[in-house]
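run.cif (mmCIF, C-alpha atoms)
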data_model
loop_
_atom_site.label_atom_id
_atom_site.label_comp_id
_atom_site.auth_asym_id
_atom_site.auth_seq_id
_atom_site.Cartn_x
_atom_site.Cartn_y
_atom_site.Cartn_z
CA MET A 1 0.00 0.00 0.00
CA GLY A 2 3.01 2.34 0.11
CA VAL A 3 2.72 5.49 2.22
CA ILE A 4 -0.69 6.74 3.32
CA ILE A 5 -0.88 10.26 4.74
CA ALA A 6 -3.95 10.25 6.96
CA LYS A 7 -5.96 13.48 7.20
CA SER A 8 -8.08 12.50 10.19
CA LEU A 9 -7.88 10.17 13.15
CA ASN A 10 -10.89 8.20 11.92
CA GLU A 11 -9.25 7.68 8.55
CA ALA A 12 -6.06 6.52 10.25
CA CYS A 13 -7.99 4.05 12.40
CA VAL A 14 -9.74 2.59 9.34
CA VAL A 15 -6.44 2.21 7.46
CA LEU A 16 -4.83 0.55 10.45
CA ALA A 17 -7.80 -1.79 11.00
CA GLU A 18 -7.58 -2.95 7.40
CA ASN A 19 -3.78 -3.27 7.48
CA PRO A 20 -2.77 -4.08 11.07
CA ALA A 21 0.87 -4.75 10.09
CA THR A 22 1.30 -1.22 8.73
CA THR A 23 4.20 0.76 10.19
CA VAL A 24 2.86 3.85 12.00
CA LEU A 25 4.93 6.99 11.48
CA ALA A 26 4.71 10.08 13.71
CA GLY A 27 7.75 12.42 13.85
CA GLY A 28 10.11 9.81 12.40
CA THR A 29 13.02 10.64 14.73
CA ASP A 30 13.25 7.04 15.99
CA LEU A 31 11.60 5.13 13.15
CA MET A 32 13.64 6.65 10.31
CA VAL A 33 16.91 5.82 12.09
CA GLN A 34 15.84 2.17 11.95
CA ALA A 35 14.62 2.52 8.35
CA ASN A 36 17.93 4.10 7.27
CA ARG A 37 19.77 1.13 8.75
CA GLY A 38 17.47 -1.27 6.89
CA MET A 39 16.13 -2.57 10.19
CA GLN A 40 12.55 -1.41 9.79
CA SER A 41 10.16 -2.54 7.08
CA MET A 42 8.64 0.51 5.39
CA ASP A 43 6.72 -1.35 2.66
CA SER A 44 3.51 -0.03 4.09
CA VAL A 45 3.45 3.15 6.17
CA LEU A 46 0.68 5.16 7.83
CA ASP A 47 1.77 8.76 8.43
CA LEU A 48 -0.03 10.51 11.33
CA SER A 49 1.83 13.83 11.09
CA ARG A 50 -0.92 15.74 9.20
CA ILE A 51 -3.75 14.86 11.57
CA LEU A 52 -4.68 18.18 13.14
CA GLU A 53 -6.74 16.55 15.92
CA LEU A 54 -3.51 15.00 17.22
CA LYS A 55 -1.87 18.42 17.59
CA GLU A 56 -4.63 19.94 19.72
CA TRP A 57 -4.52 20.44 23.46
CA THR A 58 -7.11 21.56 25.99
CA LEU A 59 -7.05 22.71 29.58
CA LYS A 60 -10.21 22.23 31.56
CA ASP A 61 -11.06 21.91 35.22
CA SER A 62 -7.87 20.57 36.71
CA GLU A 63 -6.72 18.50 33.75
CA ILE A 64 -4.64 19.08 30.66
CA VAL A 65 -5.19 16.91 27.58
CA LEU A 66 -2.29 16.89 25.12
CA GLY A 67 -2.67 15.53 21.60
CA ALA A 68 -0.18 12.74 20.84
CA GLY A 69 1.07 14.60 17.75
CA ILE A 70 2.30 17.68 19.65
CA SER A 71 6.00 18.25 18.95
CA TYR A 72 8.64 18.77 21.63
CA THR A 73 9.06 22.32 20.31
CA ASP A 74 5.38 23.03 21.00
CA LEU A 75 5.50 21.35 24.42
CA ALA A 76 8.23 23.81 25.41
CA GLU A 77 6.18 26.87 24.34
CA PRO A 78 5.02 29.09 27.23
CA GLN A 79 1.30 28.18 26.92
CA ILE A 80 1.93 24.55 27.82
CA ALA A 81 5.11 25.18 29.85
CA THR A 82 3.25 27.26 32.44
CA VAL A 83 0.76 24.43 33.07
CA VAL A 84 3.16 21.45 33.09
CA PRO A 85 6.64 22.98 33.55
CA ALA A 86 8.46 19.68 34.11
CA LEU A 87 7.12 18.29 30.84
CA ALA A 88 8.26 21.43 29.02
CA GLN A 89 11.69 21.16 30.64
CA ALA A 90 11.91 17.52 29.55
CA ALA A 91 10.86 18.40 25.99
CA ARG A 92 13.45 21.18 25.96
CA THR A 93 16.25 18.65 26.67
CA VAL A 94 15.36 16.40 23.74
CA GLY A 95 17.87 16.27 20.86
CA SER A 96 18.32 19.50 18.96
CA PRO A 97 15.98 22.10 17.39
CA GLN A 98 15.73 19.81 14.33
CA ILE A 99 14.69 16.82 16.44
CA ARG A 100 12.31 18.84 18.64
CA ASN A 101 10.52 20.19 15.56
CA ALA A 102 9.85 16.67 14.29
CA GLY A 103 9.56 14.41 17.35
CA THR A 104 6.24 14.07 19.17
CA LEU A 105 4.94 13.24 22.64
CA GLY A 106 3.02 10.23 21.30
CA GLY A 107 6.11 9.01 19.49
CA ASN A 108 8.16 9.16 22.70
CA LEU A 109 5.54 6.96 24.38
CA ALA A 110 5.17 4.51 21.49
CA THR A 111 8.95 4.05 21.36
CA ALA A 112 8.85 3.42 25.12
CA SER A 113 12.60 3.72 25.63
CA PRO A 114 13.83 3.48 29.25
CA ALA A 115 15.52 6.82 28.45
CA GLY A 116 12.41 8.47 26.94
CA ASP A 117 12.61 12.02 28.28
CA THR A 118 8.92 12.78 28.77
CA ILE A 119 8.14 9.47 30.49
CA PRO A 120 9.47 10.16 34.05
CA VAL A 121 7.35 13.33 34.11
CA LEU A 122 4.21 11.53 32.92
CA VAL A 123 4.84 8.71 35.42
CA ALA A 124 5.26 11.23 38.27
CA MET A 125 1.95 12.84 37.28
CA ASP A 126 -0.05 9.61 36.86
CA ALA A 127 -0.80 10.47 33.23
CA VAL A 128 -3.41 8.45 31.34
CA LEU A 129 -3.27 7.67 27.62
CA GLN A 130 -6.34 7.74 25.40
CA LEU A 131 -6.02 5.02 22.74
CA LYS A 132 -8.28 4.89 19.70
CA SER A 133 -9.05 2.19 17.17
CA SER A 134 -11.85 1.60 14.68
CA SER A 135 -13.54 -0.65 17.23
CA GLY A 136 -13.50 1.86 20.09
CA ASN A 137 -11.56 3.87 22.64
CA ARG A 138 -9.84 2.89 25.85
CA GLU A 139 -7.73 4.51 28.53
CA VAL A 140 -4.49 3.12 29.93
CA ALA A 141 -2.39 4.47 32.79
CA ILE A 142 1.15 5.38 31.77
CA THR A 143 2.65 2.70 34.04
CA ASP A 144 0.48 0.03 32.39
CA PHE A 145 1.21 1.38 28.92
CA ILE A 146 5.01 1.04 29.11
CA THR A 147 5.41 -2.72 29.50
CA GLY A 148 9.18 -3.13 29.13
CA VAL A 149 12.25 -1.94 27.27
CA LYS A 150 10.85 -0.45 24.06
CA SER A 151 7.55 -2.30 24.40
CA ASN A 152 4.09 -0.91 25.01
CA ALA A 153 0.50 -2.00 25.51
CA LEU A 154 -0.77 -0.87 22.09
CA GLN A 155 -2.94 -3.55 20.51
CA ALA A 156 -3.28 -4.14 16.78
CA GLY A 157 -5.15 -1.25 15.19
CA GLU A 158 -4.68 1.16 18.10
CA ILE A 159 -3.32 4.70 17.87
CA ILE A 160 -2.34 6.97 20.78
CA GLN A 161 -4.80 9.86 20.58
CA SER A 162 -3.91 11.94 23.61
CA ILE A 163 -2.34 12.03 27.04
CA THR A 164 -4.23 13.44 30.02
CA MET A 165 -2.69 14.52 33.29
CA PRO A 166 -3.80 16.44 36.37
CA VAL A 167 -2.66 20.05 36.73
CA PHE A 168 -0.78 20.28 40.03
CA GLN A 169 -0.27 23.45 42.06
CA GLY A 170 3.37 23.97 42.98
CA PRO A 171 6.86 24.02 41.48
CA GLN A 172 8.21 21.23 39.25
CA GLU A 173 11.65 20.18 38.06
CA PHE A 174 13.01 17.87 35.37
CA LEU A 175 16.72 17.08 35.44
CA LYS A 176 18.81 14.90 33.17
CA VAL A 177 22.44 13.80 33.01
CA GLY A 178 24.25 13.48 29.68
CA THR A 179 27.56 14.29 28.06
CA ARG A 180 26.47 17.65 26.64
CA ASN A 181 23.37 19.84 26.57
CA ALA A 182 22.20 18.91 23.07
CA MET A 183 21.74 15.58 21.29
CA VAL A 184 21.89 13.53 24.45
CA ILE A 185 20.20 10.28 25.31
CA SER A 186 19.79 10.56 29.05
CA VAL A 187 22.11 8.58 31.30
CA VAL A 188 19.80 9.35 34.23
CA SER A 189 16.69 11.53 34.42
CA LEU A 190 14.37 12.61 37.20
CA ALA A 191 11.13 14.56 37.50
CA LEU A 192 9.96 16.11 40.78
CA VAL A 193 6.40 17.45 40.92
CA THR A 194 4.88 19.16 43.96
CA ASP A 195 1.17 18.89 44.65
CA TYR A 196 0.31 21.50 47.26
CA LEU A 197 -3.38 20.59 47.38
CA GLY A 198 -2.69 16.88 47.83
CA ARG A 199 0.37 17.62 49.99
CA LYS A 200 2.43 15.19 47.99
CA LEU A 201 5.83 15.26 46.30
CA ARG A 202 5.89 13.03 43.24
CA VAL A 203 9.13 11.59 41.87
CA GLY A 204 9.58 9.89 38.48
CA VAL A 205 12.95 8.46 37.40
CA GLY A 206 14.23 7.37 33.98
CA SER A 207 17.18 5.40 32.56
CA VAL A 208 17.69 3.57 35.84
CA SER A 209 15.47 0.53 35.22
CA PRO A 210 13.77 -1.21 32.26
CA VAL A 211 10.84 1.19 32.57
CA PRO A 212 10.63 4.64 34.19
CA PHE A 213 8.88 4.44 37.57
CA ARG A 214 7.87 6.38 40.68
CA ALA A 215 10.08 6.26 43.77
CA THR A 216 7.08 5.74 46.07
CA GLU A 217 8.90 5.15 49.38
CA ALA A 218 11.02 8.25 48.89
CA GLU A 219 7.84 10.17 47.96
CA GLU A 220 6.10 9.13 51.17
CA PHE A 221 9.08 10.08 53.30
CA ILE A 222 9.60 13.52 51.78
CA SER A 223 5.87 14.34 51.63
CA GLN A 224 5.80 13.86 55.43
CA GLU A 225 8.92 15.95 56.01
CA PHE A 226 8.06 18.77 53.59
CA ASP A 227 6.89 21.99 55.19
CA TRP A 228 3.60 22.51 53.32
CA GLU A 229 2.71 25.68 55.21
CA LYS A 230 5.86 27.79 54.85
CA ASN A 231 7.89 25.69 52.38
CA SER A 232 10.96 26.48 54.46
CA SER A 233 14.18 24.79 53.42
CA LEU A 234 14.71 21.24 54.63
CA SER A 235 17.56 20.03 56.83
CA GLU A 236 20.58 18.47 55.17
CA LYS A 237 19.80 15.20 56.93
CA VAL A 238 16.31 15.04 55.39
CA ILE A 239 17.54 16.00 51.92
CA ASN A 240 20.28 13.37 52.05
CA LYS A 241 17.88 10.68 53.23
CA PHE A 242 15.51 11.50 50.37
CA SER A 243 18.44 11.39 47.94
CA ASP A 244 19.53 7.97 49.27
CA MET A 245 15.98 6.59 49.16
CA VAL A 246 15.55 7.61 45.51
CA ALA A 247 18.95 6.08 44.63
CA ASP A 248 18.14 2.86 46.52
CA SER A 249 14.87 2.46 44.64
CA THR A 250 16.65 2.15 41.26
CA LYS A 251 17.97 -0.91 39.45
CA PRO A 252 20.29 0.50 36.81
CA ILE A 253 22.51 -1.44 34.43
CA ASP A 254 26.01 -0.93 33.01
CA ASP A 255 25.98 0.15 29.38
CA HIS A 256 27.98 2.29 26.96
CA ARG A 257 26.47 5.48 28.39
CA GLY A 258 27.31 4.82 32.03
CA THR A 259 27.81 2.24 34.75
CA ALA A 260 25.15 1.12 37.20
CA ASP A 261 27.17 2.61 40.08
CA TYR A 262 27.42 5.96 38.33
CA ARG A 263 23.70 6.00 37.58
CA LYS A 264 22.78 5.21 41.19
CA HIS A 265 25.06 7.99 42.38
CA ALA A 266 23.84 10.48 39.78
CA VAL A 267 20.14 9.85 40.36
CA GLY A 268 20.67 10.61 44.07
CA ILE A 269 22.35 13.91 43.14
CA LEU A 270 19.47 14.78 40.80
CA ALA A 271 16.94 14.01 43.56
CA LYS A 272 18.79 16.29 45.98
CA ARG A 273 19.19 19.08 43.43
CA ALA A 274 15.55 18.91 42.31
CA LEU A 275 14.34 19.04 45.92
CA GLU A 276 16.53 22.05 46.72
CA ARG A 277 15.26 23.86 43.62
CA VAL A 278 11.63 23.08 44.42
CA CYS A 279 12.13 24.48 47.95
CA ALA A 280 13.81 27.61 46.55
CA ASN A 281 11.05 28.12 43.97
CA GLY A 282 8.29 27.66 46.51
CA GLU A 283 9.77 30.37 48.76
CA SER A 284 9.80 33.07 46.10
CA MET B 1 3.57 -2.40 -3.26
CA THR B 2 7.24 -1.56 -3.59
CA SER B 3 7.21 1.62 -5.64
CA GLU B 4 4.99 4.60 -6.17
CA ILE B 5 4.84 7.96 -7.87
CA TYR B 6 4.62 11.13 -5.83
CA THR B 7 5.44 14.81 -6.13
CA LEU B 8 7.71 16.88 -3.88
CA THR B 9 7.90 20.68 -3.79
CA VAL B 10 11.53 21.66 -3.37
CA ASN B 11 12.72 25.29 -3.48
CA GLY B 12 9.42 26.24 -5.15
CA ASN B 13 9.66 23.63 -7.92
CA ASP B 14 7.55 20.49 -8.24
CA TYR B 15 9.45 17.27 -8.84
CA GLN B 16 7.77 14.01 -9.75
CA ILE B 17 9.44 11.06 -8.07
CA LEU B 18 9.09 7.90 -10.15
CA ASP B 19 9.79 4.42 -8.85
CA GLY B 20 10.53 5.66 -5.34
CA HIS B 21 10.67 3.00 -2.65
CA PRO B 22 8.52 3.86 0.39
CA SER B 23 11.50 3.57 2.76
CA GLU B 24 13.58 6.31 1.12
CA SER B 25 14.46 9.30 3.27
CA LEU B 26 14.00 12.82 1.98
CA LEU B 27 17.78 13.25 2.10
CA TRP B 28 18.30 10.24 -0.16
CA VAL B 29 15.69 11.42 -2.67
CA LEU B 30 17.12 14.97 -2.71
CA ARG B 31 20.65 13.76 -3.35
CA GLU B 32 20.22 10.64 -5.46
CA ARG B 33 17.01 11.24 -7.38
CA LEU B 34 16.86 15.04 -7.68
CA GLU B 35 20.64 15.54 -7.76
CA LEU B 36 20.37 18.31 -5.17
CA SER B 37 23.57 17.24 -3.45
CA GLY B 38 24.02 20.33 -1.25
CA SER B 39 22.40 18.62 1.73
CA LYS B 40 25.06 16.29 3.11
CA ASN B 41 24.72 12.72 4.29
CA ALA B 42 26.83 11.83 7.30
CA CYS B 43 25.18 10.07 10.23
CA GLU B 44 21.71 9.17 8.92
CA GLU B 45 20.39 9.26 12.47
CA GLY B 46 19.71 12.93 13.18
CA GLU B 47 22.89 13.52 15.20
CA CYS B 48 24.98 15.71 12.90
CA GLY B 49 22.59 18.18 11.23
CA SER B 50 24.50 18.24 7.92
CA CYS B 51 21.28 17.29 6.09
CA THR B 52 19.22 20.14 7.62
CA VAL B 53 16.42 21.48 5.40
CA LEU B 54 13.30 23.55 5.99
CA LEU B 55 10.02 21.66 6.04
CA ASP B 56 7.09 24.10 6.05
CA GLY B 57 9.46 26.72 7.48
CA GLU B 58 10.91 24.61 10.32
CA ILE B 59 14.38 23.08 10.38
CA VAL B 60 14.45 19.28 10.36
CA CYS B 61 16.98 16.58 9.56
CA SER B 62 16.03 15.44 6.06
CA CYS B 63 17.52 12.00 6.82
CA LEU B 64 14.70 11.50 9.35
CA VAL B 65 11.89 12.59 7.02
CA LEU B 66 10.22 9.87 4.97
CA ALA B 67 10.33 11.32 1.45
CA ALA B 68 6.91 10.05 0.41
CA SER B 69 5.37 11.61 3.53
CA ALA B 70 6.64 15.10 2.55
CA VAL B 71 4.14 15.39 -0.32
CA GLY B 72 2.44 18.81 -0.29
CA ARG B 73 4.98 20.37 2.06
CA GLU B 74 7.29 23.25 1.21
CA ILE B 75 10.84 21.92 1.25
CA VAL B 76 13.73 24.39 1.14
CA THR B 77 17.29 23.10 0.78
CA ILE B 78 20.64 24.89 0.75
CA GLU B 79 20.16 25.25 -3.01
CA GLY B 80 17.11 27.43 -2.23
CA LEU B 81 19.10 30.04 -0.30
CA GLY B 82 20.20 33.20 -2.11
CA SER B 83 18.64 34.23 -5.41
CA GLY B 84 19.77 33.11 -8.85
CA ASN B 85 23.56 33.13 -8.88
CA GLU B 86 23.72 35.49 -5.88
CA ILE B 87 24.67 33.87 -2.59
CA SER B 88 22.70 34.82 0.53
CA ASP B 89 23.91 37.25 3.20
CA VAL B 90 24.60 34.35 5.58
CA GLN B 91 26.65 32.57 2.92
CA GLN B 92 28.64 35.78 2.29
CA ALA B 93 29.19 36.17 6.04
CA PHE B 94 30.61 32.61 6.17
CA VAL B 95 33.05 33.60 3.39
CA ASP B 96 34.00 36.86 5.12
CA ALA B 97 34.52 35.23 8.53
CA GLY B 98 36.37 32.21 7.15
CA ALA B 99 33.77 29.96 8.74
CA VAL B 100 34.21 27.18 6.19
CA GLN B 101 36.97 24.61 6.52
CA CYS B 102 36.16 21.16 5.13
CA GLY B 103 32.68 22.47 4.34
CA PHE B 104 30.71 19.32 5.06
CA CYS B 105 28.64 20.83 7.88
CA THR B 106 28.26 24.19 6.11
CA PRO B 107 25.01 23.61 4.15
CA GLY B 108 23.16 22.44 7.26
CA LEU B 109 24.50 25.30 9.33
CA LEU B 110 23.54 27.85 6.67
CA VAL B 111 19.94 26.58 6.58
CA ALA B 112 19.71 26.61 10.39
CA ILE B 113 21.26 30.08 10.73
CA ASP B 114 19.19 31.59 7.92
CA GLN B 115 16.04 30.31 9.63
CA LEU B 116 17.23 31.66 13.00
CA LEU B 117 17.89 35.16 11.60
CA ASN B 118 14.53 35.15 9.80
CA THR B 119 12.76 34.69 13.13
CA ASN B 120 15.25 36.56 15.34
CA PRO B 121 17.40 39.06 13.43
CA ASP B 122 19.52 40.00 16.47
CA PRO B 123 20.07 36.85 18.55
CA ASP B 124 22.40 36.82 21.55
CA ASP B 125 25.29 34.39 21.71
CA LEU B 126 23.45 31.77 23.78
CA THR B 127 20.50 31.81 21.37
CA VAL B 128 22.85 31.24 18.43
CA ARG B 129 24.63 28.39 20.19
CA GLU B 130 21.28 26.83 21.00
CA ALA B 131 20.00 27.27 17.45
CA ILE B 132 23.00 25.45 15.97
CA SER B 133 23.29 22.84 18.74
CA GLY B 134 22.05 20.21 16.29
CA ASN B 135 24.76 20.99 13.72
CA LEU B 136 28.13 19.40 14.36
CA CYS B 137 31.33 20.97 12.99
CA ARG B 138 34.57 19.08 13.65
CA CYS B 139 36.93 21.61 12.01
CA THR B 140 36.32 25.15 13.13
CA GLY B 141 35.69 24.95 16.85
CA TYR B 142 32.63 27.14 16.05
CA GLY B 143 34.40 30.47 16.74
CA ARG B 144 34.29 31.67 13.15
CA ILE B 145 30.79 30.29 12.67
CA LEU B 146 29.58 32.43 15.59
CA GLU B 147 31.49 35.36 14.07
CA ALA B 148 29.72 34.76 10.74
CA VAL B 149 26.34 34.85 12.47
CA ARG B 150 27.28 38.18 14.08
CA ILE B 151 28.31 39.61 10.70
CA ALA B 152 25.06 38.47 9.04
CA SER B 153 23.01 39.66 11.99
CA ASN B 154 24.66 43.09 11.95
CA SER B 155 24.17 43.50 8.21
CA ARG B 156 20.48 42.58 8.53
CA THR B 157 20.07 45.04 11.44
CA VAL B 158 21.69 47.83 9.40
CA GLN B 159 19.53 46.94 6.42
CA ASN B 160 16.35 46.95 8.52
CA GLU B 161 17.21 50.35 9.98
CA GLU B 162 17.91 51.77 6.52
CA GLU B 163 14.55 50.47 5.32
CA LYS B 164 12.81 52.03 8.33
CA GLY B 165 14.59 55.33 7.63
CA LYS B 166 13.28 55.48 4.05
#
What do you get writing this file as structure tokens?
Amino acid sequence: MGVIIAKSLNEACVVLAENPATTVLAGGTDLMVQANRGMQSMDSVLDLSRILELKEWTLKDSEIVLGAGISYTDLAEPQIATVVPALAQAARTVGSPQIRNAGTLGGNLATASPAGDTIPVLVAMDAVLQLKSSSGNREVAITDFITGVKSNALQAGEIIQSITMPVFQGPQEFLKVGTRNAMVISVVSLALVTDYLGRKLRVGVGSVSPVPFRATEAEEFISQEFDWEKNSSLSEKVINKFSDMVADSTKPIDDHRGTADYRKHAVGILAKRALERVCANGES
Amino acid sequence: MTSEIYTLTVNGNDYQILDGHPSESLLWVLRERLELSGSKNACEEGECGSCTVLLDGEIVCSCLVLAASAVGREIVTIEGLGSGNEISDVQQAFVDAGAVQCGFCTPGLLVAIDQLLNTNPDPDDLTVREAISGNLCRCTGYGRILEAVRIASNSRTVQNEEEKGK
């Protein structure tokens, strides 16, 4: 069937239902690397990049719904950045201007890399994905969607339509370690999201396990210790304990980007740094 | 189906692509089918930026664009900069600053810098560094490239002020 450029989500769902083995193309920043190496069949391709519905986003009540086709460049724009700052920070660290113009939020999720930059943020926020197929819609929590290293819960015929997450009141941070500022696949990443109404600090970590996850024990500890009334700075002892708890929750591996020991050390530093920044931001 | 016919709009001209395989990147089609060899092929994975083109006004790596999915989009390559036989102001600034050594990264940098100055005629140093962070140069150390951007930026600022003064 060659390359089909879908104009609407419904059209895309019909094409995919009729040809379930079709390769789905969003921004192409992962897929085309594989295609260029001859490792990805491109005999039949469904291109989602012209579907306007997938580029829309809405903010209502206390939720933000982001279309799966929104580019990293657009995620980092002030309109979205003021609502979900950690997600904008994560998008800002992806690749280069060229990559951020092409790559999409939905593509990052479909690729499901342990180092996917947006994923620790979405995990920290308990994001939910809206999946669509010609036979219906369903919702899947981010932690159920990412099922392993580069594997996801998409069933035949399904397309990621949007990602919904709560809007939290309070400062947020996303931090990432790599060899330079641009064009870096993260060695370690961490998102810290404060929820003043729920009195909870939420921590998502990436590149330190097969799938990004929440450091729940560290979250519980620091949410108890955090001064929700005055947001005064925390003692060094508390900050260090939080840092250790986050590091202890990870199960990193040795690879060409870093050793397990380095990753464990670095994720603790990121936890500490993010917490100090969140305290400083809350005070101002 | 292993081949198909489609049309690409490159530098304002329509090109019919015959017998294209669906897996071909835009970079490959530009260089091998359209003989527009200004865009360079180095890494084929979006790391180096030497294949940078404009797609509907935004810089992208043409190696990561599926050619057959670029139908109906405005593609501008390095060949589309300047007018006729005249080189563009950014190209002239590269000559004046001595910003070209082996020249392999130059086309991608020129496209990225031209686009930057079109949206921000007077960028500060950090903005320039950020704008070209996806374009690797292994010869110059970037000093003369940054100098070239300053020259082009200054000449555009002077030009804009002259136009305002008229």
Selection dump of the PyMOL selection byres ((chain A) within 6 of (chain B)), as JSON, numbers by chain: {"A": [1, 2, 28, 29, 32, 33, 42, 43, 96, 98, 182]}
Generate a file of the selected residues that holds C-alpha atoms, formatted as a short mmCIF file (atom, residue, chain, number, x, y, z; two decimals), in the frame of the given file.
data_model
loop_
_atom_site.label_atom_id
_atom_site.label_comp_id
_atom_site.auth_asym_id
_atom_site.auth_seq_id
_atom_site.Cartn_x
_atom_site.Cartn_y
_atom_site.Cartn_z
CA MET A 1 0.00 0.00 0.00
CA GLY A 2 3.01 2.34 0.11
CA GLY A 28 10.11 9.81 12.40
CA THR A 29 13.02 10.64 14.73
CA MET A 32 13.64 6.65 10.31
CA VAL A 33 16.91 5.82 12.09
CA MET A 42 8.64 0.51 5.39
CA ASP A 43 6.72 -1.35 2.66
CA SER A 96 18.32 19.50 18.96
CA GLN A 98 15.73 19.81 14.33
CA ALA A 182 22.20 18.91 23.07
#
Computed interatomic separation between atom CA of Gly27 of chain A and atom CA of Gly103 of chain A (Å): 4.4 Å
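Near Ala6 of chain A, within 12 Å and counting all atoms listed in the file, sit Glu11, Ala12, Cys13, Val14, Val15, Leu16, Val24, Leu25, Ala26, Val45, Leu46, Asp47, Leu48, Ser49, Arg50, Ile51, Leu52, Glu53 and Leu54 of chain A; Ser69 of chain B, not including residues fewer than 5 positions from it in the same chain.
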Those same residues - C-alpha atoms - I'd like them written as a PDB file, keeping the file's coordinate frame.
ATOM      1  CA  GLU A  11      -9.250   7.680   8.550  1.00  0.00           C
ATOM      2  CA  ALA A  12      -6.060   6.520  10.250  1.00  0.00           C
ATOM      3  CA  CYS A  13      -7.990   4.050  12.400  1.00  0.00           C
ATOM      4  CA  VAL A  14      -9.740   2.590   9.340  1.00  0.00           C
ATOM      5  CA  VAL A  15      -6.440   2.210   7.460  1.00  0.00           C
ATOM      6  CA  LEU A  16      -4.830   0.550  10.450  1.00  0.00           C
ATOM      7  CA  VAL A  24       2.860   3.850  12.000  1.00  0.00           C
ATOM      8  CA  LEU A  25       4.930   6.990  11.480  1.00  0.00           C
ATOM      9  CA  ALA A  26       4.710  10.080  13.710  1.00  0.00           C
ATOM     10  CA  VAL A  45       3.450   3.150   6.170  1.00  0.00           C
ATOM     11  CA  LEU A  46       0.680   5.160   7.830  1.00  0.00           C
ATOM     12  CA  ASP A  47       1.770   8.760   8.430  1.00  0.00           C
ATOM     13  CA  LEU A  48      -0.030  10.510  11.330  1.00  0.00           C
ATOM     14  CA  SER A  49       1.830  13.830  11.090  1.00  0.00           C
ATOM     15  CA  ARG A  50      -0.920  15.740   9.200  1.00  0.00           C
ATOM     16  CA  ILE A  51      -3.750  14.860  11.570  1.00  0.00           C
ATOM     17  CA  LEU A  52      -4.680  18.180  13.140  1.00  0.00           C
ATOM     18  CA  GLU A  53      -6.740  16.550  15.920  1.00  0.00           C
ATOM     19  CA  LEU A  54      -3.510  15.000  17.220  1.00  0.00           C
TER      20      LEU A  54
ATOM     21  CA  SER B  69       5.370  11.610   3.530  1.00  0.00           C
TER      22      SER B  69
END
Test item: the PyMOL selection byres ((chain A and resi 272) around 8) resolved as a VMD selection string: chain A and resid 239 to 240 242 to 243 268 to 271 273 to 276
Non-local contacts of Asp122 of chain B (9 Å; only C-alpha atoms; under 5 positions in same chain excluded) as an NGL selection string: :B and (117 or 150 or 153-154 or 156-157)
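Evaluated against this file, the PyMOL selection byres ((chain B and resi 99) around 8) yields B:Phe94, B:Val95, B:Asp96, B:Ala97, B:Gly98, B:Val100, B:Gln101, B:Thr140, B:Tyr142, B:Arg144, B:Ile145, B:Glu147, B:Ala148.
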Counting all atoms listed in the file, the option among B:Ser50, B:Gln115, B:Thr77, B:Gln92 closest to Asn13 of chain B: B:Thr77
Interatomic distance, atom CA of Gln224 of chain A to atom CA of Lys251 of chain A (Å, one decimal): 24.9 Å
Selected residue of minimal separation from Asp114 of chain B among B:Leu27, B:Val158, B:Val128, B:Ile75, counting all atoms listed in the file: B:Val128
Point-to-point distance in Å for atom CA of Ala110 of chain A and atom CA of Ser135 of chain A: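 About the pair atom CA of Ser135 of chain A and atom CA of Ala110 of chain A: they are 19.9 Å apart.
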